[in-house]
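Novice: Before I ask anything, let me first share the structure, which is written out below as structure tokens.
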Amino acid sequence: MADNTSSTVAAAKKTGLEERLMSLLDDRRRRYPVYAVLILGTLLVPLISDNYVLEILANSFFYIVLCLGLNIVVGYAGLLDLGYAAFFAVGAYTTGILTSHYGWNFWLTIPAALVFAVIAGVIIGGPTLRLRSDYLAIVTLGFGEITRIVARNLKDVTGGPSGLIGISRPHFFGLELNQIQHYYYAFFVLVLLAVFVSYRLQHSRLGRAWQYVREDEDAAEAMGIDRVAIKLYAYVIGAVFAGVAGCFFAAKMTAISPDSFQFMQSATILMAVVLGGMGKIPGMVVGALALVLFPEVFREIGSMRMLVFGVMLITMMIFRPQGIWPERRN
Amino acid sequence: MGAAAMAILQVQDLTLRFGGLEVIDRLSFDVQEGAIVSLIGPNGAGKTSVFNCLTGFYRANAGDIRFQGQSIMRLKPHRITKKGMARTFQNLRLFKNMSVLENVMSGMHCRTRTGAVGAIIHTPAQRREEAEIRRTAEECLDFVGILGHRDRLAKNLPYGDQRRVEWARALATRPKLLLLDEPAAGLNYDEKERLMGLIGRIRADLKITIFLIEHDMGLVMRISEKIVVIDYGKKIAEGGCDDVQCDPKVIEAYLGREDEEGD
């Protein structure tokens with residue numbers, strides 16, 4: 001044990017600080033205590049923070065879930081999807097419409113959103129996933145916009161451009177979820193769930209199949225892998241992540257409109273995925289946090305901050321194209 | 001002999017055109033079950049195109065391909081692999097950034113079925129299947145003699161060993177017919193000797209029929225029971241090694257030309 005530690009330290013000295021940090025977390029025995037402390041710390045944050053901080057953090061949790069979902073599509077299966085917000089819209093509108101028009105209980109809208117997300121995933125993915133990467137990006141972009149425009153124009157159902165307002169708050173064992181603390185915890189549970197599901201999928205027959213297809217489509221096909229079916233699988237699972245996150249988004253905001261699901265939303269989530277490091281779960285957490293926290297931290301510099309953020313992104317892509325926390329293999 | 005009844009693969013009048021060019025022209029031949037058959041021909045004769053038609057990567061314009069009595073002309077590559085026909089590629093097509101074991105595990109994909117739910121909640125069936133995938137992959141690696149490299153990244157292996165990963169990967173699909181596209185390309189003398197031993201063992205121990213494309217005439221003559229010779233997409237000879245070697249058409253199209261180049 002002592003011997004082992006000293007050799008690890010010796011190896012760590014040779015490499016940079018970053019490598020050291022990563023190897024610290026890649027070692028299973030050390031990883032679990034680190035994660036336990038992180039989770040515990042996150043659970044305690046609401047005791048010491050004001051609502052502003054909680055709002056920002058809840059928002060980052062929401063983006064972590066979306067990033068983890070898009071990571072399955074982009075990171076695991078290697079499909080460039082520019083219309084991911086469409087699925088998040090499907091979830092949000094399912095909850096919004098079913099609770100306000102039909103008086104459904106919020107919790108029942110989740111399985112419904114799941115079903116609709118799957119259906120939307122199959123409808124959009126079925127015909128498009130036969131295409132190779134560049135075409136796929138364009139077509140998903142188109143479908144993303146179609147979804148938003150349908151929401152804008154289907155006035156009777158979606159409320160048109162002004163959207164749905166007054167979506168009722170969910171109740172949890174009699175407690176109405178109307179405080180930011182509630183949503184902080186709700187989204188944190190979603191994050192844990194999304195991390196767990198992502199991890200299990202990544203290390204499964206399905207996860208390997210995604211990687212085979214990403215590495216070499218033809219070789220994967222020759223090994224008996226149905227490349228269209230396996231991509232559709234990734235696409236639909238990604239849609240489900242966004243759909244469920246969308247339900248909670250609708251409940252938290254109590255108002256949704258087509259403007260929440262613009263192309264910029266899809267692009268932003270994709271940016272966080274690329275920034276964090278495609279294919280790596282901690283990368284998604286870091287990417288989403290960076291995306292949400294940066295504009296808040298640099299609020300003082302006003303409208304300049306997005307410019308700074310853009311410059312930072314470009315610099316990042318030049319010097320570290322694999323992302324902040326990329327997949328590491330040796 | 002009733003040879004037709006025993007054929008695992010029957011190719012009839014196979015024709016493939018790229019635009020106006022006839023890459024394969026009414027090609028017919030059989031591969032008997034349990035045999036080692038070679039497809040030879042000068043460069044550009046259309047050998048790899050034949051392989052690509054057989055495995056579903058190219059869609060032939062006319063003719064028929066029957067595998068174990070069933071037509072596979074309209075099937076996609078992954079369906080054909082599932083039916084029991086596996087292939088290797090002329091230029092290595094490994095999953096370079098994955099471990100050797102993971103590469104070979106890919107072969108078991110079509111023999112297993114666990115989906116997302118099983119993967120997430122780790123059902124007993126999923127655990128059994130994962131163990132089976134791993135065991136089969138390790139057996140295949142052991143069979144080709146590189147089990148020791150199991151955890152290395154495929155791209156970090158020497159060339160000869162990368163070839164063996166490809167064979168192990170193809171074997172992991174549990175094929176009945178194995179198509180090898182120039183298996184000896186880039187191998188040195190010792191490696192070729194071992195390759196011949198391996199091909200013999202694949203047939204003898206695993207009962208797998210072998211159909212290969214190869215340029216190394218010495219190797220082809222030593223291991224094949226039947227040779228099909230094509231030139232410009234047409235079959236010009238077929239038969240045992242001695243027959244083919246003496247065939248004037250073959251000498252003219254192939255061996256003659258090789259002599260000129262050699263001298």
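For the structure tokens, the naming scheme is as follows: chains receive sequential letters (A, B, ...) according to their order of presentation, residues are indexed from 1 within each chain, and ligands are indexed from 1 in presentation order.
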Identify every residue of chain B that has at least one atom within 8 Å of any atom of chain A, counting only C-alpha atoms, and report the result as a PyMOL selection string.

Specialist: chain B and resi 55+77-82+86-87+93-97+102+106-107+109-110+114-116+119-120+130+152-153+169-170+173

Novice: So, with only C-alpha atoms as the atoms that count, which of A:Pro170, A:Gly121, A:Pro321, A:Pro127 lies closest to Leu108 (chain A)?

Specialist: A:Pro170

Novice: Please compute the CA of Arg203 (chain B)-CA of Gly34 (chain B) distance, one decimal, in Å.

Specialist: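 Separating CA of Arg203 (chain B) from CA of Gly34 (chain B) is a distance of 6.7 Å.
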
Novice: Taking into account only C-alpha atoms, which residue in the set A:Gly41, A:Gly310, A:Gly83, A:Gly243 is nearest to Leu141 (chain A)?

Specialist: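 Checking each of A:Gly41, A:Gly310, A:Gly83, A:Gly243 against Leu141 (chain A), counting only C-alpha atoms, the winner is A:Gly83.
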
Novice: According to DSSP computed on the backbone, where in region 21-157 of chain B is there strand (DSSP E)? Give the residues as a VMD selection string.

Specialist: chain B and resid 21 to 32 36 to 40 62 to 67 70 to 71 85 to 87

Novice: Tell me, which residues of region 210-286 of chain A carry DSSP alpha helix (DSSP H), written as a PyMOL selection string?

Specialist: chain A and resi 210-215+217-222+227-253+263-276+281-286

Novice: Keeping only C-alpha atoms, write the selected residues as a PDB file, in the first residue's frame.

Specialist:
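Now in part_31.pdb:
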ATOM      1  CA  TRP A 210     -21.463   3.375 -29.866  1.00  0.00           C
ATOM      2  CA  GLN A 211     -17.726   3.589 -29.593  1.00  0.00           C
ATOM      3  CA  TYR A 212     -17.206   0.990 -32.346  1.00  0.00           C
ATOM      4  CA  VAL A 213     -19.453   2.957 -34.673  1.00  0.00           C
ATOM      5  CA  ARG A 214     -17.692   6.197 -33.747  1.00  0.00           C
ATOM      6  CA  GLU A 215     -14.260   4.696 -34.384  1.00  0.00           C
ATOM      7  CA  GLU A 217     -18.542   2.594 -39.038  1.00  0.00           C
ATOM      8  CA  ASP A 218     -17.677   0.041 -41.688  1.00  0.00           C
ATOM      9  CA  ALA A 219     -15.685  -2.199 -39.385  1.00  0.00           C
ATOM     10  CA  ALA A 220     -18.506  -2.010 -36.834  1.00  0.00           C
ATOM     11  CA  GLU A 221     -21.008  -2.979 -39.501  1.00  0.00           C
ATOM     12  CA  ALA A 222     -18.769  -5.885 -40.526  1.00  0.00           C
ATOM     13  CA  ARG A 227     -25.161   1.136 -37.322  1.00  0.00           C
ATOM     14  CA  VAL A 228     -28.475   2.910 -37.923  1.00  0.00           C
ATOM     15  CA  ALA A 229     -30.237   1.092 -35.078  1.00  0.00           C
ATOM     16  CA  ILE A 230     -27.403   1.722 -32.652  1.00  0.00           C
ATOM     17  CA  LYS A 231     -27.307   5.431 -33.509  1.00  0.00           C
ATOM     18  CA  LEU A 232     -31.055   5.677 -33.143  1.00  0.00           C
ATOM     19  CA  TYR A 233     -30.693   4.100 -29.710  1.00  0.00           C
ATOM     20  CA  ALA A 234     -28.255   6.839 -28.663  1.00  0.00           C
ATOM     21  CA  TYR A 235     -30.417   9.539 -30.175  1.00  0.00           C
ATOM     22  CA  VAL A 236     -33.554   8.355 -28.379  1.00  0.00           C
ATOM     23  CA  ILE A 237     -31.798   8.000 -25.021  1.00  0.00           C
ATOM     24  CA  GLY A 238     -30.414  11.519 -25.439  1.00  0.00           C
ATOM     25  CA  ALA A 239     -33.956  12.701 -26.203  1.00  0.00           C
ATOM     26  CA  VAL A 240     -35.255  11.095 -23.003  1.00  0.00           C
ATOM     27  CA  PHE A 241     -32.658  12.923 -20.876  1.00  0.00           C
ATOM     28  CA  ALA A 242     -33.727  16.247 -22.384  1.00  0.00           C
ATOM     29  CA  GLY A 243     -37.415  15.382 -22.150  1.00  0.00           C
ATOM     30  CA  VAL A 244     -37.271  14.665 -18.422  1.00  0.00           C
ATOM     31  CA  ALA A 245     -35.130  17.745 -17.774  1.00  0.00           C
ATOM     32  CA  GLY A 246     -37.722  19.737 -19.734  1.00  0.00           C
ATOM     33  CA  CYS A 247     -40.522  18.610 -17.376  1.00  0.00           C
ATOM     34  CA  PHE A 248     -38.683  20.022 -14.376  1.00  0.00           C
ATOM     35  CA  PHE A 249     -37.757  23.140 -16.314  1.00  0.00           C
ATOM     36  CA  ALA A 250     -41.453  23.808 -16.969  1.00  0.00           C
ATOM     37  CA  ALA A 251     -42.318  23.207 -13.303  1.00  0.00           C
ATOM     38  CA  LYS A 252     -39.555  25.496 -12.066  1.00  0.00           C
ATOM     39  CA  MET A 253     -40.242  28.367 -14.479  1.00  0.00           C
ATOM     40  CA  PHE A 263     -31.228  27.323 -31.972  1.00  0.00           C
ATOM     41  CA  MET A 264     -28.914  29.191 -29.595  1.00  0.00           C
ATOM     42  CA  GLN A 265     -30.068  26.868 -26.833  1.00  0.00           C
ATOM     43  CA  SER A 266     -28.995  23.790 -28.833  1.00  0.00           C
ATOM     44  CA  ALA A 267     -25.736  25.466 -29.780  1.00  0.00           C
ATOM     45  CA  THR A 268     -25.047  26.455 -26.179  1.00  0.00           C
ATOM     46  CA  ILE A 269     -25.533  22.926 -24.873  1.00  0.00           C
ATOM     47  CA  LEU A 270     -23.345  21.550 -27.639  1.00  0.00           C
ATOM     48  CA  MET A 271     -20.715  24.159 -26.800  1.00  0.00           C
ATOM     49  CA  ALA A 272     -20.676  23.054 -23.166  1.00  0.00           C
ATOM     50  CA  VAL A 273     -20.304  19.422 -24.253  1.00  0.00           C
ATOM     51  CA  VAL A 274     -17.357  20.239 -26.499  1.00  0.00           C
ATOM     52  CA  LEU A 275     -15.849  22.584 -23.938  1.00  0.00           C
ATOM     53  CA  GLY A 276     -16.067  20.002 -21.161  1.00  0.00           C
ATOM     54  CA  ILE A 281     -18.960  12.398 -17.512  1.00  0.00           C
ATOM     55  CA  PRO A 282     -16.927  14.772 -15.274  1.00  0.00           C
ATOM     56  CA  GLY A 283     -16.253  16.782 -18.433  1.00  0.00           C
ATOM     57  CA  MET A 284     -19.974  17.413 -18.825  1.00  0.00           C
ATOM     58  CA  VAL A 285     -20.225  18.662 -15.243  1.00  0.00           C
ATOM     59  CA  VAL A 286     -17.282  21.007 -15.736  1.00  0.00           C
TER      60      VAL A 286
END

Novice: To one decimal place, how far is CA of Trp167 (chain B) from CA of Ile230 (chain B) in Å?

Specialist: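 A separation of 25.1 Å between them.
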
Novice: So what do you get for CA of Val250 (chain B) versus CA of Leu195 (chain B), distance-wise?

Specialist: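 Computed distance, CA of Val250 (chain B) to CA of Leu195 (chain B), equals 25.7 Å.
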
Novice: Could you name the residues that touch Ala237 (chain B) at 8 Å or less, counting only C-alpha atoms, but leaving out those on the same chain fewer than 5 positions away, as a list in words?

Specialist: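 Non-adjacent residues within range: Val228, Val229, Ile230, Val244, Asp247, Lys249 and Val250 of chain B.
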
Novice: For the selection just defined, write its residues with N, CA and C atoms to a file, as a compact mmCIF listing (two decimals), in the first residue's frame.

Specialist:
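File written: selection-v3.txt
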# COMPACT_ATOMS: atom_id res chain seq x y z
N VAL B 228 -9.75 -20.06 -57.24
CA VAL B 228 -10.54 -19.39 -58.28
C VAL B 228 -9.70 -18.24 -58.78
N VAL B 229 -9.46 -18.17 -60.09
CA VAL B 229 -8.63 -17.10 -60.64
C VAL B 229 -9.52 -16.15 -61.44
N ILE B 230 -9.42 -14.87 -61.14
CA ILE B 230 -10.19 -13.91 -61.93
C ILE B 230 -9.25 -12.86 -62.53
N VAL B 244 -4.59 -25.16 -61.85
CA VAL B 244 -4.54 -23.71 -62.04
C VAL B 244 -3.14 -23.27 -62.46
N ASP B 247 -2.63 -23.89 -66.11
CA ASP B 247 -3.60 -23.31 -67.04
C ASP B 247 -2.95 -22.18 -67.84
N LYS B 249 -4.20 -19.79 -69.56
CA LYS B 249 -4.84 -18.49 -69.36
C LYS B 249 -4.31 -17.81 -68.09
N VAL B 250 -4.12 -18.63 -67.08
CA VAL B 250 -3.64 -18.09 -65.81
C VAL B 250 -2.21 -17.60 -65.98

Novice: Give me the residues within 9 Å of Glu214 (chain B) as a PyMOL selection string, counting only C-alpha atoms and dropping any in the same chain fewer than 3 places off.

Specialist: chain B and resi 38-41+180-185+217+219-220

Novice: Can you tell me which residues surround region 147-152 of chain A at a distance of at most 9 Å, considering only C-alpha atoms, apart from same-chain residues fewer than 2 positions away, and format the answer as a compact mmCIF listing (two decimals) with N, CA and C atoms, in the first residue's frame?

Specialist:
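Writing done, so here's selection_20.txt:
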# COMPACT_ATOMS: atom_id res chain seq x y z
N ALA A 85 -32.33 21.07 -28.52
CA ALA A 85 -33.35 21.80 -27.74
C ALA A 85 -34.75 21.31 -28.08
N ALA A 86 -34.93 20.70 -29.23
CA ALA A 86 -36.26 20.21 -29.62
C ALA A 86 -36.79 19.22 -28.59
N PHE A 87 -35.91 18.36 -28.09
CA PHE A 87 -36.37 17.32 -27.15
C PHE A 87 -36.67 17.91 -25.78
N ALA A 89 -37.76 20.87 -25.45
CA ALA A 89 -39.05 21.52 -25.67
C ALA A 89 -40.19 20.50 -25.56
N VAL A 90 -39.98 19.30 -26.10
CA VAL A 90 -41.01 18.26 -26.03
C VAL A 90 -41.36 17.98 -24.57
N TYR A 93 -43.10 21.18 -22.93
CA TYR A 93 -44.46 21.37 -23.42
C TYR A 93 -45.39 20.25 -22.97
N GLY A 142 -32.50 21.68 -38.81
CA GLY A 142 -33.81 21.94 -39.39
C GLY A 142 -34.94 21.45 -38.50
N PHE A 143 -34.80 20.24 -38.00
CA PHE A 143 -35.85 19.68 -37.15
C PHE A 143 -36.01 20.47 -35.85
N GLY A 144 -34.87 20.93 -35.32
CA GLY A 144 -34.93 21.74 -34.11
C GLY A 144 -35.76 22.98 -34.33
N GLU A 145 -35.54 23.64 -35.49
CA GLU A 145 -36.30 24.86 -35.81
C GLU A 145 -37.76 24.54 -36.08
N LEU A 154 -48.95 26.58 -33.16
CA LEU A 154 -50.05 25.73 -32.70
C LEU A 154 -50.73 26.43 -31.51
N LYS A 155 -51.32 27.59 -31.77
CA LYS A 155 -51.78 28.49 -30.71
C LYS A 155 -52.67 27.83 -29.66
N VAL A 157 -52.96 24.86 -28.60
CA VAL A 157 -52.36 23.87 -27.72
C VAL A 157 -51.18 24.45 -26.94
N THR A 158 -50.30 25.15 -27.64
CA THR A 158 -49.04 25.59 -27.02
C THR A 158 -49.08 27.04 -26.57
N GLY A 159 -50.16 27.73 -26.86
CA GLY A 159 -50.24 29.13 -26.48
C GLY A 159 -49.51 30.05 -27.43
N GLY A 160 -49.05 29.53 -28.56
CA GLY A 160 -48.41 30.38 -29.57
C GLY A 160 -47.14 31.02 -29.09
N PRO A 161 -46.82 32.22 -29.64
CA PRO A 161 -45.54 32.87 -29.31
C PRO A 161 -45.42 33.25 -27.84
N SER A 162 -46.54 33.54 -27.19
CA SER A 162 -46.44 33.93 -25.78
C SER A 162 -46.33 32.72 -24.87
N GLY A 163 -46.59 31.55 -25.37
CA GLY A 163 -46.35 30.34 -24.62
C GLY A 163 -47.39 30.03 -23.58
N SER A 257 -42.08 29.40 -23.25
CA SER A 257 -42.46 29.93 -24.55
C SER A 257 -41.46 29.41 -25.58
N PRO A 258 -41.83 29.51 -26.86
CA PRO A 258 -40.93 28.96 -27.89
C PRO A 258 -39.53 29.58 -27.82
N ASP A 259 -39.44 30.81 -27.26
CA ASP A 259 -38.13 31.46 -27.22
C ASP A 259 -37.11 30.71 -26.36
N PHE A 261 -36.47 27.73 -26.58
CA PHE A 261 -35.95 26.57 -27.29
C PHE A 261 -35.35 26.93 -28.65
N GLN A 262 -34.74 28.11 -28.70
CA GLN A 262 -34.16 28.56 -29.96
C GLN A 262 -32.90 27.79 -30.30
N PHE A 263 -32.44 27.99 -31.52
CA PHE A 263 -31.23 27.32 -31.97
C PHE A 263 -30.06 27.60 -31.03

Novice: What lies within 12 Å of His182 (chain A) using only C-alpha atoms, ignoring chain neighbours under 2 positions off, as a list in words?

Specialist: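 These residues fall inside the cut-off: Leu43, Pro46, Asn51, Leu54, Glu55, Ala58, Arg169, Pro170, His171, Phe172, Leu175, Glu176, Leu177, Asn178, Gln179, Ile180, Tyr184, Tyr185, Ala186, Phe187, Phe188, Val189, Phe248, Ala251 and Lys252 of chain A.
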
Novice: Once you have the residues from the selection above, write them out as a CSV table (one decimal), in the first residue's frame, restricted to C-alpha atoms.

Specialist:
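In the end it all went to selection-v2.csv:
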chain,number,residue,atom,x,y,z
A,43,LEU,CA,-26.3,18.9,-0.3
A,46,PRO,CA,-28.5,25.6,0.5
A,51,ASN,CA,-31.3,32.5,-3.4
A,54,LEU,CA,-29.0,28.6,-5.5
A,55,GLU,CA,-30.7,29.9,-8.6
A,58,ALA,CA,-30.0,24.9,-10.0
A,169,ARG,CA,-46.3,23.7,-9.1
A,170,PRO,CA,-45.7,20.0,-8.4
A,171,HIS,CA,-46.3,18.6,-4.9
A,172,PHE,CA,-44.0,16.2,-3.2
A,175,LEU,CA,-45.1,19.9,0.1
A,176,GLU,CA,-45.6,22.3,-2.8
A,177,LEU,CA,-42.4,22.7,-4.6
A,178,ASN,CA,-42.3,26.5,-4.9
A,179,GLN,CA,-38.9,27.5,-3.3
A,180,ILE,CA,-35.6,27.6,-5.2
A,184,TYR,CA,-32.0,22.9,-6.3
A,185,TYR,CA,-32.5,19.5,-4.7
A,186,ALA,CA,-34.8,18.2,-7.5
A,187,PHE,CA,-32.3,19.1,-10.2
A,188,PHE,CA,-29.4,17.7,-8.1
A,189,VAL,CA,-31.3,14.4,-7.9
A,248,PHE,CA,-38.7,20.0,-14.4
A,251,ALA,CA,-42.3,23.2,-13.3
A,252,LYS,CA,-39.6,25.5,-12.1

Novice: Can you pull out the residues contacting Val50 (chain B)? Cut-off 9 Å, using only C-alpha atoms, and skip same-chain residues under 6 positions away; I want them as a PDB file with C-alpha atoms, in the first residue's frame.

Specialist:
ATOM      1  CA  LEU B  14     -22.458 -12.139 -60.027  1.00  0.00           C
ATOM      2  CA  LEU B  16     -21.093  -5.487 -60.444  1.00  0.00           C
ATOM      3  CA  VAL B  23     -15.899  -4.661 -62.140  1.00  0.00           C
ATOM      4  CA  ILE B  24     -17.272  -8.173 -61.809  1.00  0.00           C
ATOM      5  CA  TYR B  58     -21.433  -3.378 -52.328  1.00  0.00           C
ATOM      6  CA  GLY B 233     -13.794  -9.358 -63.140  1.00  0.00           C
TER       7      GLY B 233
END
